[in-house]
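Below is one structure, written out as structure tokens, with a few remarks after it.
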Number of protein chains: 2
Amino acid sequence: MREVFQQELREVQDRLVEIAGLVAESIENATRAFNESDVTLAETVIANDPQIDALATELDELAINILARQQPVARDLRIVVSALRISASLERMGDMAEHIAQLARYRFPDKVVPKNLRGTFVEMGRLDVEIAKKLTELLRTQDTDIAEDIRNEDDKIDDLHLSVFDKVLGEKWKGEAVDTVDATLASRYHERFADHAVSIAKKVMYLATGDWVPDEA
Amino acid sequence: MREVFQQELREVQDRLVEIAGLVAESIENATRAFNESDVTLAETVIANDPQIDALATELDELAINILARQQPVARDLRIVVSALRISASLERMGDMAEHIAQLARYRFPDKVVPKNLRGTFVEMGRLDVEIAKKLTELLRTQDTDIAEDIRNEDDKIDDLHLSVFDKVLGEKWKGEAVDTVDATLASRYHERFADHAVSIAKKVMYLATGDWVPDEA
């Protein structure tokens with residue numbers, strides 16, 4: 001019984017890694033589509049999001065079935081509950097990538113953000129992609145150093161997020177309302193994407209160290 | 001055993017109702033603070049949010065303990081899992097109310113939105129408050145008609161959300177960048193608040209009807 005349970009936990013882990021890999025692909029394509037105004041790539045991201053949603057739902061079903069059949073307690077129970085929460089956060093990360101792609105599609109053939117913010121968004125996108133790749137690795141290895149990296153990169157994204165508002169609200173800003181709206185939304189989506197990754201990293205650290213952290217989005 | 005379990009489920013339900021009541025109070029104060037530039041009220045909302053977070057965490061602990069001790073299966077198990085998800089959504093609704101209050105505080109003593117959008121935000125705020133009150137009632141009574149009302153009101157909020165962008169991107173918009181940023185963020189927070197309520201309403205409907213719905217944020 002115990003061995004079956006361990007095997008099922010590995011199955012849960014494998015599926016989380018799989019979903020995280022798709023999310024990483026999604027944010028990589030979304031940020032490229034956003035920065036290069038590639039509408040075809042944007043549409044690919046949008047078309048692929050339901051797959052992430054479906055896999056997250058299937059994972060939830062598996063986790064609930066494990067709870068029903070294996071009746072885990074103590075730490076084992078918390079691992080399965082964590083998996084449910086991680087899957088919800090991954091699903092939201094996929095949504096954020098989709099929203100970024102939608103902005104690229106709406107404004108096509110124009111670029112989404114004006115020139116003086118492009119460098120900032122390229123950097124935010126790069127960090128989000130790196131975070132997503134590290135998250136996949138973290139879910140696979142449960143290496144606590146990676147969790148620390150993710151947290152540091154999230155700090156950088158928070159700084160960039162604030163710098164977007166500094167620019168948009170600064171005297172030199174010449175953007176029109178549409179540029180301001182897009183920069184505001186895009187910056188928020190990039191930042192939320194990283195927040196979810198940090199929230200997952202904390203939960204994975206629980207799996208590795210036994211320190212339970214309360215749920216947070 | 002079965003009776004103890006039913007009693008514990010009632011305890012879970014009572015706590016969800018309690019948290020939803022606090023969220024309703026929070027959005028009522030936040031939208032008033034936002035529309036009337038009441039910085040004291042905004043600070044009250046911000047100061048009270050940790051209480052909502054703490055109650056949600058306590059509820060999660062209770063739900064996990066119920067899973068461990070009662071080992072529910074089938075529908076009973078899904079009810080407890082639903083409670084975990086509902087608590088996460090309520091916690092996020094509290095965050096959205098806090099974000100709205102923060103906008104009011106940042107811009108004080110100025111009003112957050114320019115004149116020609118004030119009526120729209122008063123209406124969005126009114127709908128969010130109504131939705132939160134109905135949600136509390138729904139959690140208490142599991143009356144399916146209330147769930148339907150919440151969905152209809154969310155549709156109205158979605159329309160208002162789109163109308164904000166129509167105005168901001170329209171030719172008549174005279175707002176400065178700061179007005180555009182605030183209107184964009186405020187509209188998004190109002191809309192997300194209602195989305196979470198709809199997501200909860202779907203889960204409560206499961207508790208009432210047995211139709212399981214996948215998790216969604």
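Identifiers in this document derive from the order of the structure tokens: chains are assigned A, B, ..., residues are numbered from 1 separately in each chain, and ligands are numbered from 1 in order of occurrence.
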
Per-residue nearest contacts of chain B to chain A (6 Å; only C-alpha atoms) as a Markdown table:
```
| residue | atom | partner | partner_atom | distance |
| --- | --- | --- | --- | --- |
| B:Thr57 | CA | A:Pro214 | CA | 5.9 |
| B:Ala68 | CA | A:Val73 | CA | 5.0 |
| B:Gln71 | CA | A:Gln71 | CA | 5.9 |
| B:Val73 | CA | A:Ala68 | CA | 5.0 |
| B:Leu169 | CA | A:Val178 | CA | 5.9 |
| B:Val178 | CA | A:Leu169 | CA | 5.9 |
| B:Pro214 | CA | A:Thr57 | CA | 5.8 |
```

As an exercise, work out the distance from atom CA of Asp38 of chain A to atom CA of Val113 of chain A in Å and give it to one decimal place.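 Going from atom CA of Asp38 of chain A over to atom CA of Val113 of chain A covers 13.5 Å.
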
Could you list, as number ranges by chain, every residue within 9 Å of Phe34 of chain A, counting only C-alpha atoms and ignoring same-chain residues fewer than 6 positions away? A: 42, 100-105, 111-113, 121-122, 125

Convert the current residue selection to file output with all heavy atoms, as a JSON list (two decimals), in the first residue's frame.
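See out-v7.json below for the written result:
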```
[["chain", "number", "residue", "atom", "x", "y", "z"],
["A", 42, "ALA", "N", 1.31, 34.46, -30.90],
["A", 42, "ALA", "CA", 0.31, 34.82, -29.89],
["A", 42, "ALA", "C", -0.89, 33.88, -29.97],
["A", 42, "ALA", "O", -1.40, 33.40, -28.94],
["A", 42, "ALA", "CB", -0.13, 36.27, -30.08],
["A", 100, "ILE", "N", -0.94, 37.94, -21.84],
["A", 100, "ILE", "CA", 0.15, 38.66, -22.49],
["A", 100, "ILE", "C", 0.06, 38.46, -24.01],
["A", 100, "ILE", "O", 0.21, 39.40, -24.80],
["A", 100, "ILE", "CB", 1.52, 38.21, -21.93],
["A", 100, "ILE", "CG1", 1.67, 38.69, -20.46],
["A", 100, "ILE", "CG2", 2.68, 38.73, -22.79],
["A", 100, "ILE", "CD1", 2.84, 38.07, -19.71],
["A", 101, "ALA", "N", -0.23, 37.24, -24.41],
["A", 101, "ALA", "CA", -0.39, 36.95, -25.83],
["A", 101, "ALA", "C", -1.59, 37.69, -26.41],
["A", 101, "ALA", "O", -1.54, 38.18, -27.56],
["A", 101, "ALA", "CB", -0.55, 35.44, -26.05],
["A", 102, "GLN", "N", -2.66, 37.80, -25.63],
["A", 102, "GLN", "CA", -3.85, 38.50, -26.12],
["A", 102, "GLN", "C", -3.56, 39.98, -26.37],
["A", 102, "GLN", "O", -4.04, 40.56, -27.34],
["A", 102, "GLN", "CB", -5.00, 38.36, -25.11],
["A", 102, "GLN", "CG", -5.70, 37.00, -25.21],
["A", 102, "GLN", "CD", -6.58, 36.70, -24.01],
["A", 102, "GLN", "OE1", -6.37, 37.24, -22.92],
["A", 102, "GLN", "NE2", -7.55, 35.81, -24.20],
["A", 103, "LEU", "N", -2.75, 40.58, -25.50],
["A", 103, "LEU", "CA", -2.37, 41.98, -25.72],
["A", 103, "LEU", "C", -1.63, 42.12, -27.05],
["A", 103, "LEU", "O", -1.88, 43.06, -27.81],
["A", 103, "LEU", "CB", -1.47, 42.48, -24.58],
["A", 103, "LEU", "CG", -2.14, 42.82, -23.24],
["A", 103, "LEU", "CD1", -1.08, 43.18, -22.20],
["A", 103, "LEU", "CD2", -3.14, 43.96, -23.39],
["A", 104, "ALA", "N", -0.72, 41.18, -27.32],
["A", 104, "ALA", "CA", 0.02, 41.22, -28.59],
["A", 104, "ALA", "C", -0.94, 41.11, -29.78],
["A", 104, "ALA", "O", -0.79, 41.81, -30.79],
["A", 104, "ALA", "CB", 1.06, 40.10, -28.64],
["A", 105, "ARG", "N", -1.93, 40.25, -29.63],
["A", 105, "ARG", "CA", -2.87, 40.04, -30.73],
["A", 105, "ARG", "C", -3.77, 41.25, -30.95],
["A", 105, "ARG", "O", -4.02, 41.66, -32.08],
["A", 105, "ARG", "CB", -3.72, 38.80, -30.48],
["A", 105, "ARG", "CG", -4.51, 38.39, -31.70],
["A", 105, "ARG", "CD", -5.32, 37.15, -31.48],
["A", 105, "ARG", "NE", -6.29, 37.32, -30.41],
["A", 105, "ARG", "CZ", -7.22, 36.43, -30.11],
["A", 105, "ARG", "NH1", -7.29, 35.30, -30.78],
["A", 105, "ARG", "NH2", -8.07, 36.64, -29.15],
["A", 111, "LYS", "N", 3.14, 47.43, -32.27],
["A", 111, "LYS", "CA", 3.76, 46.83, -31.09],
["A", 111, "LYS", "C", 2.94, 47.23, -29.87],
["A", 111, "LYS", "O", 2.26, 48.26, -29.88],
["A", 111, "LYS", "CB", 5.20, 47.33, -30.93],
["A", 111, "LYS", "CG", 6.10, 46.82, -32.05],
["A", 111, "LYS", "CD", 7.45, 46.39, -31.51],
["A", 111, "LYS", "CE", 8.27, 45.83, -32.67],
["A", 111, "LYS", "NZ", 9.49, 45.19, -32.24],
["A", 112, "VAL", "N", 3.00, 46.40, -28.82],
["A", 112, "VAL", "CA", 2.15, 46.68, -27.69],
["A", 112, "VAL", "C", 2.65, 47.87, -26.88],
["A", 112, "VAL", "O", 1.87, 48.71, -26.44],
["A", 112, "VAL", "CB", 2.00, 45.45, -26.77],
["A", 112, "VAL", "CG1", 1.08, 45.76, -25.61],
["A", 112, "VAL", "CG2", 1.47, 44.27, -27.56],
["A", 113, "VAL", "N", 3.96, 47.96, -26.71],
["A", 113, "VAL", "CA", 4.45, 49.07, -25.87],
["A", 113, "VAL", "C", 5.37, 50.00, -26.63],
["A", 113, "VAL", "O", 6.06, 49.58, -27.56],
["A", 113, "VAL", "CB", 5.19, 48.55, -24.61],
["A", 113, "VAL", "CG1", 4.20, 47.96, -23.63],
["A", 113, "VAL", "CG2", 6.27, 47.57, -24.96],
["A", 121, "PHE", "N", 10.24, 45.58, -20.81],
["A", 121, "PHE", "CA", 9.41, 44.40, -21.00],
["A", 121, "PHE", "C", 10.20, 43.20, -21.53],
["A", 121, "PHE", "O", 9.89, 42.06, -21.20],
["A", 121, "PHE", "CB", 8.20, 44.72, -21.89],
["A", 121, "PHE", "CG", 7.09, 45.36, -21.12],
["A", 121, "PHE", "CD1", 6.78, 46.70, -21.29],
["A", 121, "PHE", "CD2", 6.38, 44.64, -20.17],
["A", 121, "PHE", "CE1", 5.77, 47.31, -20.54],
["A", 121, "PHE", "CE2", 5.37, 45.22, -19.42],
["A", 121, "PHE", "CZ", 5.06, 46.57, -19.61],
["A", 122, "VAL", "N", 11.21, 43.47, -22.33],
["A", 122, "VAL", "CA", 12.08, 42.37, -22.76],
["A", 122, "VAL", "C", 12.71, 41.72, -21.53],
["A", 122, "VAL", "O", 12.75, 40.49, -21.40],
["A", 122, "VAL", "CB", 13.16, 42.86, -23.75],
["A", 122, "VAL", "CG1", 14.27, 41.82, -23.94],
["A", 122, "VAL", "CG2", 12.52, 43.19, -25.11],
["A", 125, "GLY", "N", 10.11, 39.86, -19.45],
["A", 125, "GLY", "CA", 9.78, 38.61, -20.14],
["A", 125, "GLY", "C", 10.88, 37.56, -19.94],
["A", 125, "GLY", "O", 10.60, 36.40, -19.66]]
```

Quick one: residues within 7 Å of Val129 of chain B, only C-alpha atoms, excluding same-chain residues fewer than 5 positions away - as a PDB file with all heavy atoms, in the first residue's frame?
```pdb
ATOM      1  N   ALA B  24     -17.369  40.939   2.334  1.00  0.00           N
ATOM      2  CA  ALA B  24     -18.442  41.861   1.927  1.00  0.00           C
ATOM      3  C   ALA B  24     -18.244  43.222   2.597  1.00  0.00           C
ATOM      4  O   ALA B  24     -18.387  44.277   1.962  1.00  0.00           O
ATOM      5  CB  ALA B  24     -19.810  41.275   2.284  1.00  0.00           C
ATOM      6  N   ILE B  27     -15.220  44.964   0.842  1.00  0.00           N
ATOM      7  CA  ILE B  27     -15.462  45.559  -0.483  1.00  0.00           C
ATOM      8  C   ILE B  27     -16.404  46.751  -0.354  1.00  0.00           C
ATOM      9  O   ILE B  27     -16.281  47.738  -1.101  1.00  0.00           O
ATOM     10  CB  ILE B  27     -16.002  44.504  -1.505  1.00  0.00           C
ATOM     11  CG1 ILE B  27     -15.964  45.063  -2.939  1.00  0.00           C
ATOM     12  CG2 ILE B  27     -17.420  44.066  -1.165  1.00  0.00           C
ATOM     13  CD1 ILE B  27     -14.601  45.230  -3.523  1.00  0.00           C
ATOM     14  N   GLU B  28     -17.325  46.702   0.610  1.00  0.00           N
ATOM     15  CA  GLU B  28     -18.225  47.843   0.812  1.00  0.00           C
ATOM     16  C   GLU B  28     -17.411  49.069   1.239  1.00  0.00           C
ATOM     17  O   GLU B  28     -17.570  50.159   0.686  1.00  0.00           O
ATOM     18  CB  GLU B  28     -19.275  47.486   1.874  1.00  0.00           C
ATOM     19  CG  GLU B  28     -20.357  48.534   2.000  1.00  0.00           C
ATOM     20  CD  GLU B  28     -21.662  47.984   2.561  1.00  0.00           C
ATOM     21  OE1 GLU B  28     -21.636  46.919   3.239  1.00  0.00           O
ATOM     22  OE2 GLU B  28     -22.710  48.617   2.328  1.00  0.00           O
TER      23      GLU B  28
END
```
